[in-house]
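Have a look at protein-v9.pdb; it's PDB, C-alpha atoms and all ligand atoms:
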ATOM      1  CA  MET A   1      -7.774 -15.115  -7.898  1.00  0.00           C
ATOM      2  CA  LEU A   2      -6.069 -16.939  -5.018  1.00  0.00           C
ATOM      3  CA  MET A   3      -8.061 -18.232  -2.035  1.00  0.00           C
ATOM      4  CA  GLN A   4      -6.443 -15.690   0.267  1.00  0.00           C
ATOM      5  CA  GLU A   5      -7.332 -12.773  -2.031  1.00  0.00           C
ATOM      6  CA  SER A   6     -10.939 -13.812  -2.293  1.00  0.00           C
ATOM      7  CA  SER A   7     -11.287 -14.037   1.490  1.00  0.00           C
ATOM      8  CA  THR A   8      -9.389 -10.725   1.896  1.00  0.00           C
ATOM      9  CA  ARG A   9     -11.860  -9.102  -0.453  1.00  0.00           C
ATOM     10  CA  LYS A  10     -14.768 -10.317   1.660  1.00  0.00           C
ATOM     11  CA  ILE A  11     -13.107  -9.225   4.924  1.00  0.00           C
ATOM     12  CA  TYR A  12     -12.530  -5.705   3.570  1.00  0.00           C
ATOM     13  CA  ASP A  13     -16.028  -5.482   2.113  1.00  0.00           C
ATOM     14  CA  VAL A  14     -17.163  -5.832   5.737  1.00  0.00           C
ATOM     15  CA  HIS A  15     -14.412  -3.481   7.087  1.00  0.00           C
ATOM     16  CA  SER A  16     -15.495  -0.821   4.605  1.00  0.00           C
ATOM     17  CA  VAL A  17     -18.571  -0.023   6.697  1.00  0.00           C
ATOM     18  CA  PHE A  18     -16.575   1.096   9.759  1.00  0.00           C
ATOM     19  CA  TYR A  19     -12.976   1.503   8.469  1.00  0.00           C
ATOM     20  CA  ASP A  20     -12.990   5.315   8.387  1.00  0.00           C
ATOM     21  CA  VAL A  21     -14.143   5.657  11.994  1.00  0.00           C
ATOM     22  CA  THR A  22     -11.774   2.971  13.346  1.00  0.00           C
ATOM     23  CA  PHE A  23      -8.432   2.101  11.702  1.00  0.00           C
ATOM     24  CA  GLY A  24      -8.854   4.959   9.222  1.00  0.00           C
ATOM     25  CA  ARG A  25      -8.644   7.490  12.060  1.00  0.00           C
ATOM     26  CA  LEU A  26      -5.390   5.990  13.327  1.00  0.00           C
ATOM     27  CA  VAL A  27      -3.635   6.062   9.980  1.00  0.00           C
ATOM     28  CA  ARG A  28      -4.429   9.510   8.622  1.00  0.00           C
ATOM     29  CA  ARG A  29      -1.510  11.436  10.150  1.00  0.00           C
ATOM     30  CA  ARG A  30       0.957   8.760   9.058  1.00  0.00           C
ATOM     31  CA  ILE A  31      -0.445   8.710   5.536  1.00  0.00           C
ATOM     32  CA  ALA A  32      -0.339  12.517   5.241  1.00  0.00           C
ATOM     33  CA  ASN A  33       3.269  12.560   6.373  1.00  0.00           C
ATOM     34  CA  ALA A  34       4.324   9.731   4.037  1.00  0.00           C
ATOM     35  CA  ILE A  35       2.731  11.361   0.973  1.00  0.00           C
ATOM     36  CA  GLY A  36       4.954  14.381   1.642  1.00  0.00           C
ATOM     37  CA  HIS A  37       7.956  12.155   0.834  1.00  0.00           C
ATOM     38  CA  MET A  38       6.891  11.665  -2.792  1.00  0.00           C
ATOM     39  CA  ASP A  39       7.508  15.249  -4.022  1.00  0.00           C
ATOM     40  CA  ILE A  40       4.552  15.136  -6.437  1.00  0.00           C
ATOM     41  CA  LYS A  41       4.875  17.569  -9.345  1.00  0.00           C
ATOM     42  CA  ALA A  42       2.101  19.112 -11.469  1.00  0.00           C
ATOM     43  CA  THR A  43       2.262  16.554 -14.285  1.00  0.00           C
ATOM     44  CA  ASP A  44       3.019  13.465 -12.164  1.00  0.00           C
ATOM     45  CA  ARG A  45       0.985  10.277 -12.080  1.00  0.00           C
ATOM     46  CA  VAL A  46       0.646   8.526  -8.731  1.00  0.00           C
ATOM     47  CA  LEU A  47      -0.546   4.976  -8.169  1.00  0.00           C
ATOM     48  CA  ASP A  48      -2.059   4.222  -4.752  1.00  0.00           C
ATOM     49  CA  ILE A  49      -2.083   0.424  -4.399  1.00  0.00           C
ATOM     50  CA  GLY A  50      -4.798  -0.934  -2.105  1.00  0.00           C
ATOM     51  CA  ILE A  51      -6.249   2.559  -1.647  1.00  0.00           C
ATOM     52  CA  GLY A  52      -9.118   1.201   0.455  1.00  0.00           C
ATOM     53  CA  THR A  53     -11.676   3.825   1.444  1.00  0.00           C
ATOM     54  CA  GLY A  54      -9.372   6.555   0.151  1.00  0.00           C
ATOM     55  CA  ALA A  55      -8.017   7.768   3.504  1.00  0.00           C
ATOM     56  CA  SER A  56      -5.081   9.140   1.479  1.00  0.00           C
ATOM     57  CA  LEU A  57      -7.144  11.065  -1.068  1.00  0.00           C
ATOM     58  CA  GLY A  58      -7.311  14.358   0.833  1.00  0.00           C
ATOM     59  CA  TYR A  59      -3.524  14.524   1.214  1.00  0.00           C
ATOM     60  CA  TYR A  60      -2.445  14.423  -2.429  1.00  0.00           C
ATOM     61  CA  PRO A  61      -1.848  17.796  -4.032  1.00  0.00           C
ATOM     62  CA  ARG A  62      -4.692  18.672  -6.398  1.00  0.00           C
ATOM     63  CA  ARG A  63      -2.427  18.471  -9.417  1.00  0.00           C
ATOM     64  CA  GLY A  64      -1.246  15.608 -11.543  1.00  0.00           C
ATOM     65  CA  GLN A  65      -3.246  12.397 -11.500  1.00  0.00           C
ATOM     66  CA  VAL A  66      -3.958   9.890  -8.727  1.00  0.00           C
ATOM     67  CA  ILE A  67      -5.066   6.378  -9.618  1.00  0.00           C
ATOM     68  CA  GLY A  68      -6.157   4.053  -6.814  1.00  0.00           C
ATOM     69  CA  VAL A  69      -6.718   0.324  -7.088  1.00  0.00           C
ATOM     70  CA  ASP A  70      -8.211  -2.093  -4.613  1.00  0.00           C
ATOM     71  CA  LEU A  71      -9.721  -5.582  -4.527  1.00  0.00           C
ATOM     72  CA  SER A  72     -12.705  -4.739  -2.363  1.00  0.00           C
ATOM     73  CA  ALA A  73     -15.790  -3.239  -3.992  1.00  0.00           C
ATOM     74  CA  GLY A  74     -16.964  -2.050  -0.561  1.00  0.00           C
ATOM     75  CA  MET A  75     -13.741  -0.122   0.142  1.00  0.00           C
ATOM     76  CA  LEU A  76     -13.820   1.358  -3.377  1.00  0.00           C
ATOM     77  CA  ARG A  77     -17.419   2.525  -2.903  1.00  0.00           C
ATOM     78  CA  GLU A  78     -16.272   4.615   0.097  1.00  0.00           C
ATOM     79  CA  ALA A  79     -13.318   5.995  -1.907  1.00  0.00           C
ATOM     80  CA  ARG A  80     -15.629   6.963  -4.787  1.00  0.00           C
ATOM     81  CA  LYS A  81     -17.939   8.788  -2.343  1.00  0.00           C
ATOM     82  CA  LYS A  82     -14.970  10.918  -1.207  1.00  0.00           C
ATOM     83  CA  ILE A  83     -13.949  11.677  -4.791  1.00  0.00           C
ATOM     84  CA  GLU A  84     -17.456  12.813  -5.617  1.00  0.00           C
ATOM     85  CA  GLN A  85     -18.231  14.695  -2.399  1.00  0.00           C
ATOM     86  CA  ARG A  86     -14.901  16.550  -2.368  1.00  0.00           C
ATOM     87  CA  GLY A  87     -14.770  17.154  -6.130  1.00  0.00           C
ATOM     88  CA  LEU A  88     -11.427  15.397  -6.533  1.00  0.00           C
ATOM     89  CA  ALA A  89     -11.329  15.479 -10.322  1.00  0.00           C
ATOM     90  CA  HIS A  90      -7.627  14.507 -10.385  1.00  0.00           C
ATOM     91  CA  ALA A  91      -8.383  11.129  -8.715  1.00  0.00           C
ATOM     92  CA  ALA A  92      -9.957   7.891  -9.954  1.00  0.00           C
ATOM     93  CA  VAL A  93     -10.220   4.410  -8.429  1.00  0.00           C
ATOM     94  CA  PHE A  94     -11.001   0.980  -9.777  1.00  0.00           C
ATOM     95  CA  GLN A  95     -10.930  -2.678  -8.901  1.00  0.00           C
ATOM     96  CA  ALA A  96      -7.690  -4.556  -9.591  1.00  0.00           C
ATOM     97  CA  ASP A  97      -5.397  -7.068  -7.946  1.00  0.00           C
ATOM     98  CA  ALA A  98      -2.195  -5.466  -6.687  1.00  0.00           C
ATOM     99  CA  MET A  99      -0.201  -8.503  -7.710  1.00  0.00           C
ATOM    100  CA  HIS A 100      -1.396  -8.333 -11.326  1.00  0.00           C
ATOM    101  CA  LEU A 101      -1.587  -4.637 -12.073  1.00  0.00           C
ATOM    102  CA  PRO A 102      -3.329  -3.735 -15.342  1.00  0.00           C
ATOM    103  CA  PHE A 103      -0.752  -1.076 -16.275  1.00  0.00           C
ATOM    104  CA  ALA A 104       2.119  -0.945 -18.720  1.00  0.00           C
ATOM    105  CA  ALA A 105       5.675  -0.679 -17.435  1.00  0.00           C
ATOM    106  CA  ASP A 106       6.900   2.829 -16.527  1.00  0.00           C
ATOM    107  CA  THR A 107       3.407   4.352 -16.253  1.00  0.00           C
ATOM    108  CA  PHE A 108       3.761   6.086 -12.868  1.00  0.00           C
ATOM    109  CA  ASP A 109       6.044   8.669 -11.252  1.00  0.00           C
ATOM    110  CA  HIS A 110       5.288   7.542  -7.681  1.00  0.00           C
ATOM    111  CA  VAL A 111       3.724   4.521  -6.003  1.00  0.00           C
ATOM    112  CA  PHE A 112       2.127   4.571  -2.564  1.00  0.00           C
ATOM    113  CA  ILE A 113       1.577   1.273  -0.700  1.00  0.00           C
ATOM    114  CA  SER A 114      -0.117   2.035   2.578  1.00  0.00           C
ATOM    115  CA  HIS A 115      -1.041  -0.746   5.023  1.00  0.00           C
ATOM    116  CA  VAL A 116      -1.316  -3.240   2.169  1.00  0.00           C
ATOM    117  CA  ILE A 117       1.962  -5.096   1.808  1.00  0.00           C
ATOM    118  CA  SER A 118       1.194  -7.380   4.770  1.00  0.00           C
ATOM    119  CA  VAL A 119      -2.358  -7.981   3.557  1.00  0.00           C
ATOM    120  CA  VAL A 120      -1.590  -9.650   0.212  1.00  0.00           C
ATOM    121  CA  SER A 121      -0.608 -13.312  -0.182  1.00  0.00           C
ATOM    122  CA  ASP A 122       2.686 -12.478  -1.924  1.00  0.00           C
ATOM    123  CA  PRO A 123       4.267  -9.207  -0.732  1.00  0.00           C
ATOM    124  CA  VAL A 124       7.374  -9.704  -2.920  1.00  0.00           C
ATOM    125  CA  LYS A 125       5.233 -10.003  -6.019  1.00  0.00           C
ATOM    126  CA  LEU A 126       3.369  -6.812  -5.101  1.00  0.00           C
ATOM    127  CA  LEU A 127       6.621  -4.896  -4.653  1.00  0.00           C
ATOM    128  CA  LYS A 128       7.942  -6.207  -7.981  1.00  0.00           C
ATOM    129  CA  GLU A 129       4.720  -5.117  -9.666  1.00  0.00           C
ATOM    130  CA  ALA A 130       5.155  -1.659  -8.118  1.00  0.00           C
ATOM    131  CA  GLN A 131       8.697  -1.535  -9.548  1.00  0.00           C
ATOM    132  CA  ARG A 132       7.485  -2.593 -12.964  1.00  0.00           C
ATOM    133  CA  VAL A 133       4.684  -0.025 -13.317  1.00  0.00           C
ATOM    134  CA  CYS A 134       6.689   2.952 -12.091  1.00  0.00           C
ATOM    135  CA  LYS A 135       9.551   4.676 -13.840  1.00  0.00           C
ATOM    136  CA  SER A 136      13.168   4.257 -12.975  1.00  0.00           C
ATOM    137  CA  GLY A 137      14.019   6.895 -10.386  1.00  0.00           C
ATOM    138  CA  ALA A 138      10.394   7.021  -9.154  1.00  0.00           C
ATOM    139  CA  ARG A 139       9.639   6.944  -5.457  1.00  0.00           C
ATOM    140  CA  ILE A 140       7.931   3.926  -3.923  1.00  0.00           C
ATOM    141  CA  VAL A 141       6.680   4.801  -0.444  1.00  0.00           C
ATOM    142  CA  MET A 142       5.424   2.037   1.824  1.00  0.00           C
ATOM    143  CA  VAL A 143       3.673   2.474   5.160  1.00  0.00           C
ATOM    144  CA  ASN A 144       3.311  -0.679   7.193  1.00  0.00           C
ATOM    145  CA  HIS A 145       3.939  -2.676  10.307  1.00  0.00           C
ATOM    146  CA  PHE A 146       7.004  -4.913   9.962  1.00  0.00           C
ATOM    147  CA  GLN A 147       8.142  -7.603  12.351  1.00  0.00           C
ATOM    148  CA  SER A 148      10.232  -6.222  15.160  1.00  0.00           C
ATOM    149  CA  THR A 149      13.971  -6.942  15.242  1.00  0.00           C
ATOM    150  CA  ASN A 150      13.590  -7.510  18.990  1.00  0.00           C
ATOM    151  CA  ARG A 151      13.524 -11.295  19.431  1.00  0.00           C
ATOM    152  CA  PHE A 152      10.840 -11.293  22.126  1.00  0.00           C
ATOM    153  CA  VAL A 153       8.536  -8.828  20.394  1.00  0.00           C
ATOM    154  CA  ALA A 154       9.000 -10.818  17.150  1.00  0.00           C
ATOM    155  CA  LEU A 155       7.957 -14.014  18.923  1.00  0.00           C
ATOM    156  CA  PHE A 156       4.847 -12.273  20.228  1.00  0.00           C
ATOM    157  CA  GLU A 157       4.061 -10.997  16.715  1.00  0.00           C
ATOM    158  CA  LYS A 158       4.441 -14.502  15.292  1.00  0.00           C
ATOM    159  CA  TRP A 159       2.119 -15.836  17.986  1.00  0.00           C
ATOM    160  CA  LEU A 160      -0.409 -13.115  17.171  1.00  0.00           C
ATOM    161  CA  CYS A 161      -0.284 -13.799  13.429  1.00  0.00           C
ATOM    162  CA  PRO A 162      -3.163 -16.336  13.144  1.00  0.00           C
ATOM    163  CA  LEU A 163      -5.515 -13.845  14.817  1.00  0.00           C
ATOM    164  CA  CYS A 164      -4.322 -10.975  12.608  1.00  0.00           C
ATOM    165  CA  THR A 165      -4.813 -13.122   9.505  1.00  0.00           C
ATOM    166  CA  LYS A 166      -8.485 -13.469  10.457  1.00  0.00           C
ATOM    167  CA  LEU A 167      -8.690  -9.667  10.566  1.00  0.00           C
ATOM    168  CA  GLY A 168      -7.098  -9.385   7.121  1.00  0.00           C
ATOM    169  CA  TRP A 169      -3.350  -8.828   7.636  1.00  0.00           C
ATOM    170  CA  ARG A 170      -0.229 -10.524   8.990  1.00  0.00           C
ATOM    171  CA  SER A 171       2.004  -9.309  11.795  1.00  0.00           C
ATOM    172  CA  ASP A 172       5.177 -11.273  10.962  1.00  0.00           C
ATOM    173  CA  LEU A 173       6.382  -9.697   7.701  1.00  0.00           C
ATOM    174  CA  ARG A 174      10.095  -8.885   7.886  1.00  0.00           C
ATOM    175  CA  LEU A 175      11.244  -5.787   6.019  1.00  0.00           C
ATOM    176  CA  ASN A 176      14.761  -7.164   5.437  1.00  0.00           C
ATOM    177  CA  ASP A 177      13.448 -10.323   3.764  1.00  0.00           C
ATOM    178  CA  LEU A 178      11.004  -8.326   1.655  1.00  0.00           C
ATOM    179  CA  VAL A 179      13.549  -5.853   0.266  1.00  0.00           C
ATOM    180  CA  ARG A 180      16.167  -8.565  -0.327  1.00  0.00           C
ATOM    181  CA  GLN A 181      13.765 -10.808  -2.212  1.00  0.00           C
ATOM    182  CA  ALA A 182      12.291  -7.944  -4.234  1.00  0.00           C
ATOM    183  CA  GLY A 183      15.787  -6.631  -5.022  1.00  0.00           C
ATOM    184  CA  VAL A 184      15.154  -3.061  -3.851  1.00  0.00           C
ATOM    185  CA  GLN A 185      17.207  -0.745  -1.698  1.00  0.00           C
ATOM    186  CA  VAL A 186      15.686   1.329   1.066  1.00  0.00           C
ATOM    187  CA  ASP A 187      16.732   5.001   0.910  1.00  0.00           C
ATOM    188  CA  TYR A 188      15.504   5.675   4.423  1.00  0.00           C
ATOM    189  CA  ARG A 189      12.796   4.657   6.864  1.00  0.00           C
ATOM    190  CA  TYR A 190      11.261   6.373   9.849  1.00  0.00           C
ATOM    191  CA  LYS A 191       8.616   6.130  12.542  1.00  0.00           C
ATOM    192  CA  LEU A 192       6.398   9.052  13.486  1.00  0.00           C
ATOM    193  CA  GLU A 193       6.677   8.289  17.202  1.00  0.00           C
ATOM    194  CA  GLN A 194       9.548   6.800  19.169  1.00  0.00           C
ATOM    195  CA  ILE A 195       7.388   3.825  19.990  1.00  0.00           C
ATOM    196  CA  ASP A 196       5.276   3.154  16.936  1.00  0.00           C
ATOM    197  CA  LEU A 197       3.946  -0.076  15.450  1.00  0.00           C
ATOM    198  CA  TRP A 198       4.095   1.321  11.931  1.00  0.00           C
ATOM    199  CA  GLU A 199       6.856   2.760   9.842  1.00  0.00           C
ATOM    200  CA  THR A 200       7.342   4.550   6.554  1.00  0.00           C
ATOM    201  CA  VAL A 201       9.847   3.106   4.099  1.00  0.00           C
ATOM    202  CA  VAL A 202      11.107   5.194   1.176  1.00  0.00           C
ATOM    203  CA  ILE A 203      12.567   3.472  -1.884  1.00  0.00           C
ATOM    204  CA  THR A 204      13.869   4.857  -5.182  1.00  0.00           C
ATOM    205  CA  ASN A 205      12.986   2.556  -8.062  1.00  0.00           C
ATOM    206  CA  LYS A 206      16.124   1.362  -9.818  1.00  0.00           C
ATOM    207  CA  LYS A 207      15.536  -0.694 -12.913  1.00  0.00           C
ATOM    208  CA  ASP A 208      19.167  -1.342 -13.876  1.00  0.00           C
ATOM    209  CA  GLY A 209      19.717  -5.068 -13.834  1.00  0.00           C
ATOM    210  CA  MET A 210      16.091  -5.791 -13.000  1.00  0.00           C
ATOM    211  CA  VAL A 211      14.119  -8.074 -15.295  1.00  0.00           C
ATOM    212  CA  VAL A 212      10.940  -6.046 -15.805  1.00  0.00           C
ATOM    213  CA  GLY A 213       7.665  -7.956 -15.699  1.00  0.00           C
ATOM    214  CA  GLN A 214       9.007 -11.050 -14.000  1.00  0.00           C
ATOM    215  CA  ALA A 215       7.471 -11.143 -10.581  1.00  0.00           C
ATOM    216  CA  ALA A 216       8.589 -13.849  -8.168  1.00  0.00           C
TER     217      ALA A 216
HETATM  218  C1  LIG B   1      -5.662  -2.062   5.766  1.00  0.00           C
HETATM  219  S1  LIG B   1      -6.447  -1.589   4.259  1.00  0.00           S
HETATM  220  C2  LIG B   1      -5.464  -0.168   3.811  1.00  0.00           C
HETATM  221  C3  LIG B   1      -6.243   0.829   3.015  1.00  0.00           C
HETATM  222  C4  LIG B   1      -5.515   2.150   2.732  1.00  0.00           C
HETATM  223  N1  LIG B   1      -4.355   1.948   1.897  1.00  0.00           N
HETATM  224  C5  LIG B   1      -5.125   2.813   4.028  1.00  0.00           C
HETATM  225  O1  LIG B   1      -3.924   2.919   4.332  1.00  0.00           O
HETATM  226  O2  LIG B   1      -6.030   3.256   4.747  1.00  0.00           O
HETATM  227  C6  LIG B   1      -5.839  -2.824   3.114  1.00  0.00           C
HETATM  228  C7  LIG B   1      -6.466  -2.670   1.730  1.00  0.00           C
HETATM  229  O3  LIG B   1      -5.767  -3.520   0.816  1.00  0.00           O
HETATM  230  C8  LIG B   1      -6.735  -4.061  -0.079  1.00  0.00           C
HETATM  231  N2  LIG B   1      -6.161  -5.268  -0.702  1.00  0.00           N
HETATM  232  C9  LIG B   1      -5.848  -6.431  -0.106  1.00  0.00           C
HETATM  233  N3  LIG B   1      -5.326  -7.309  -0.993  1.00  0.00           N
HETATM  234  C10 LIG B   1      -5.311  -6.654  -2.194  1.00  0.00           C
HETATM  235  C11 LIG B   1      -4.890  -7.019  -3.499  1.00  0.00           C
HETATM  236  N4  LIG B   1      -4.374  -8.227  -3.766  1.00  0.00           N
HETATM  237  N5  LIG B   1      -5.023  -6.119  -4.484  1.00  0.00           N
HETATM  238  C12 LIG B   1      -5.561  -4.889  -4.236  1.00  0.00           C
HETATM  239  N6  LIG B   1      -5.967  -4.483  -3.016  1.00  0.00           N
HETATM  240  C13 LIG B   1      -5.843  -5.358  -2.004  1.00  0.00           C
HETATM  241  C14 LIG B   1      -7.932  -4.345   0.818  1.00  0.00           C
HETATM  242  O4  LIG B   1      -9.119  -4.531   0.087  1.00  0.00           O
HETATM  243  C15 LIG B   1      -7.924  -3.112   1.697  1.00  0.00           C
HETATM  244  O5  LIG B   1      -8.711  -2.077   1.131  1.00  0.00           O
END
As a first step, turn the structure in this file into structure tokens.
Amino acid sequence: MLMQESSTRKIYDVHSVFYDVTFGRLVRRRIANAIGHMDIKATDRVLDIGIGTGASLGYYPRRGQVIGVDLSAGMLREARKKIEQRGLAHAAVFQADAMHLPFAADTFDHVFISHVISVVSDPVKLLKEAQRVCKSGARIVMVNHFQSTNRFVALFEKWLCPLCTKLGWRSDLRLNDLVRQAGVQVDYRYKLEQIDLWETVVITNKKDGMVVGQAA
């Protein structure tokens, strides 16, 4: 495991104690809305990468199968509590690195990546892994903060980045660079509010011409 991942794991083990009553509260509405863009059918398999404390778990339809992975044992403990307390038999979580997913190609019908892409050391690799493990035509839905296209706001975000890194994420990830380097096309993207730090990005996985299994 890379240095960054091992420190991220420790940071989120600590976050896990108060995540649900802090950041978790802020993200729920956005997560619920984004999950609605996956059109999950009765027999579908969904992968939730970096599921954390399972803030998303209550918003998946109780059909099909939801698999969540995360690096942090502390975050996963909170997710497991929710699965048990709410009787979510269609969901299971386990520890895995998002950049080396332990799944065969074409395993999933949808992939959800919520507030994670700017946390990992190699966002392109994560997105390529997501492409590999889901079927062609599957939806990949990402929720995240991306660097503003406004020059002044972007400068501020770059300046803020060292502080954010200490908290476990980066503020200077550019969506255009990410999608170009990962070789994906964005179907559409939207913000819940007119002024919103986060956005939802919807991608259809296209495998034509993509070399499966070769992450950057
Ligand atoms: C900001 S939290 C988001 C949690 C959840 N997806 C949400 O939206 O509430 C980021 C999560 O990504 C996880 N994470 C960071 N790097 C990871 C990696 N390489 N593989 C798997 N999970 C990772 C962290 O442990 C943490 O739980």
Can you give me, as an MDAnalysis selection string, the residues this file yields under the PyMOL selection byres (((not hetatm)) within 6 of (chain B and resi 1))?
-> chainID A and resid 5 8:9 12 24 50:52 55 70:72 75 96:99 114:116 119:120
Run the PyMOL selection byres (((chain A and resi 79) around 9) and not hetatm) against the file shown and list the residues it catches, as a PDB file with C-alpha atoms, in the frame of the given file.
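This went into result21.pdb:
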ATOM      1  CA  ILE A  51      -6.249   2.559  -1.647  1.00  0.00           C
ATOM      2  CA  GLY A  52      -9.118   1.201   0.455  1.00  0.00           C
ATOM      3  CA  THR A  53     -11.676   3.825   1.444  1.00  0.00           C
ATOM      4  CA  GLY A  54      -9.372   6.555   0.151  1.00  0.00           C
ATOM      5  CA  ALA A  55      -8.017   7.768   3.504  1.00  0.00           C
ATOM      6  CA  LEU A  57      -7.144  11.065  -1.068  1.00  0.00           C
ATOM      7  CA  GLY A  68      -6.157   4.053  -6.814  1.00  0.00           C
ATOM      8  CA  GLY A  74     -16.964  -2.050  -0.561  1.00  0.00           C
ATOM      9  CA  MET A  75     -13.741  -0.122   0.142  1.00  0.00           C
ATOM     10  CA  LEU A  76     -13.820   1.358  -3.377  1.00  0.00           C
ATOM     11  CA  ARG A  77     -17.419   2.525  -2.903  1.00  0.00           C
ATOM     12  CA  GLU A  78     -16.272   4.615   0.097  1.00  0.00           C
ATOM     13  CA  ARG A  80     -15.629   6.963  -4.787  1.00  0.00           C
ATOM     14  CA  LYS A  81     -17.939   8.788  -2.343  1.00  0.00           C
ATOM     15  CA  LYS A  82     -14.970  10.918  -1.207  1.00  0.00           C
ATOM     16  CA  ILE A  83     -13.949  11.677  -4.791  1.00  0.00           C
ATOM     17  CA  GLU A  84     -17.456  12.813  -5.617  1.00  0.00           C
ATOM     18  CA  ALA A  92      -9.957   7.891  -9.954  1.00  0.00           C
ATOM     19  CA  VAL A  93     -10.220   4.410  -8.429  1.00  0.00           C
TER      20      VAL A  93
END
Enumerate, as a ChimeraX atom specification, the residues matched when the PyMOL selection byres (((chain A and resi 44) around 12) and not hetatm) is run on the file above.
-> /A:38-43,45-47,60-67,90,107-111,134-135,138-139
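Of the listed residues (A:Asn144, A:Gln181, A:Thr149, A:Gln85), A:Gln181 comes nearest to Lys125 in chain A; the distances count only C-alpha atoms.
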Using all atoms listed in the file, determine which residues lie at most 9 Å from Val179 in chain A, disregarding the query and same-chain residues fewer than 6 positions distant; provide the list as number ranges by chain.
-> A: 124, 127, 185-186
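Considering the residues A:Ala91, A:Arg151, A:Ala34, A:Asp122 and counting only C-alpha atoms, Tyr188 in chain A has its shortest atom-to-atom contact with A:Ala34.
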Skipping near chain neighbours, those fewer than 3 positions away, what residues fall within 7 Å of Met142 in chain A using only C-alpha atoms, listed as a PDB file with C-alpha atoms, in the coordinates of the input?
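Result written to selection-v3.pdb:
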ATOM      1  CA  PHE A 112       2.127   4.571  -2.564  1.00  0.00           C
ATOM      2  CA  ILE A 113       1.577   1.273  -0.700  1.00  0.00           C
ATOM      3  CA  SER A 114      -0.117   2.035   2.578  1.00  0.00           C
ATOM      4  CA  THR A 200       7.342   4.550   6.554  1.00  0.00           C
ATOM      5  CA  VAL A 201       9.847   3.106   4.099  1.00  0.00           C
ATOM      6  CA  VAL A 202      11.107   5.194   1.176  1.00  0.00           C
TER       7      VAL A 202
END
Pick from A:Val133, A:Asp20, A:Ser7, A:Gly58, whichever lies nearest to His100 in chain A using all atoms listed in the file |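 Closest residue, counting all atoms listed in the file: A:Val133.
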Which residue gives the smallest distance to Gly137 in chain A among A:Gln194, A:Thr204, A:Ser118, A:Ser56, with only C-alpha atoms counted?
-> A:Thr204
Could you state the separation of CA of Ala130 in chain A and CA of Val143 in chain A in Å, given to one decimal place?
-> 14.0 Å
Rounded to one decimal in Å, what is the spacing between CA of Arg189 in chain A and CA of Asp208 in chain A?
->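 So the answer is 22.5 Å.
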Do you know which residues lie at most 12 Å from (14.6, -9.5, 3.2), with coordinates as in the file and all atoms listed in the file counted, and could you write them as a list in words?
-> Pro123, Val124, Phe146, Gln147, Leu173, Arg174, Leu175, Asn176, Asp177, Leu178, Val179, Arg180, Gln181, Ala182, Gly183, Val184, Gln185 and Val186 of chain A
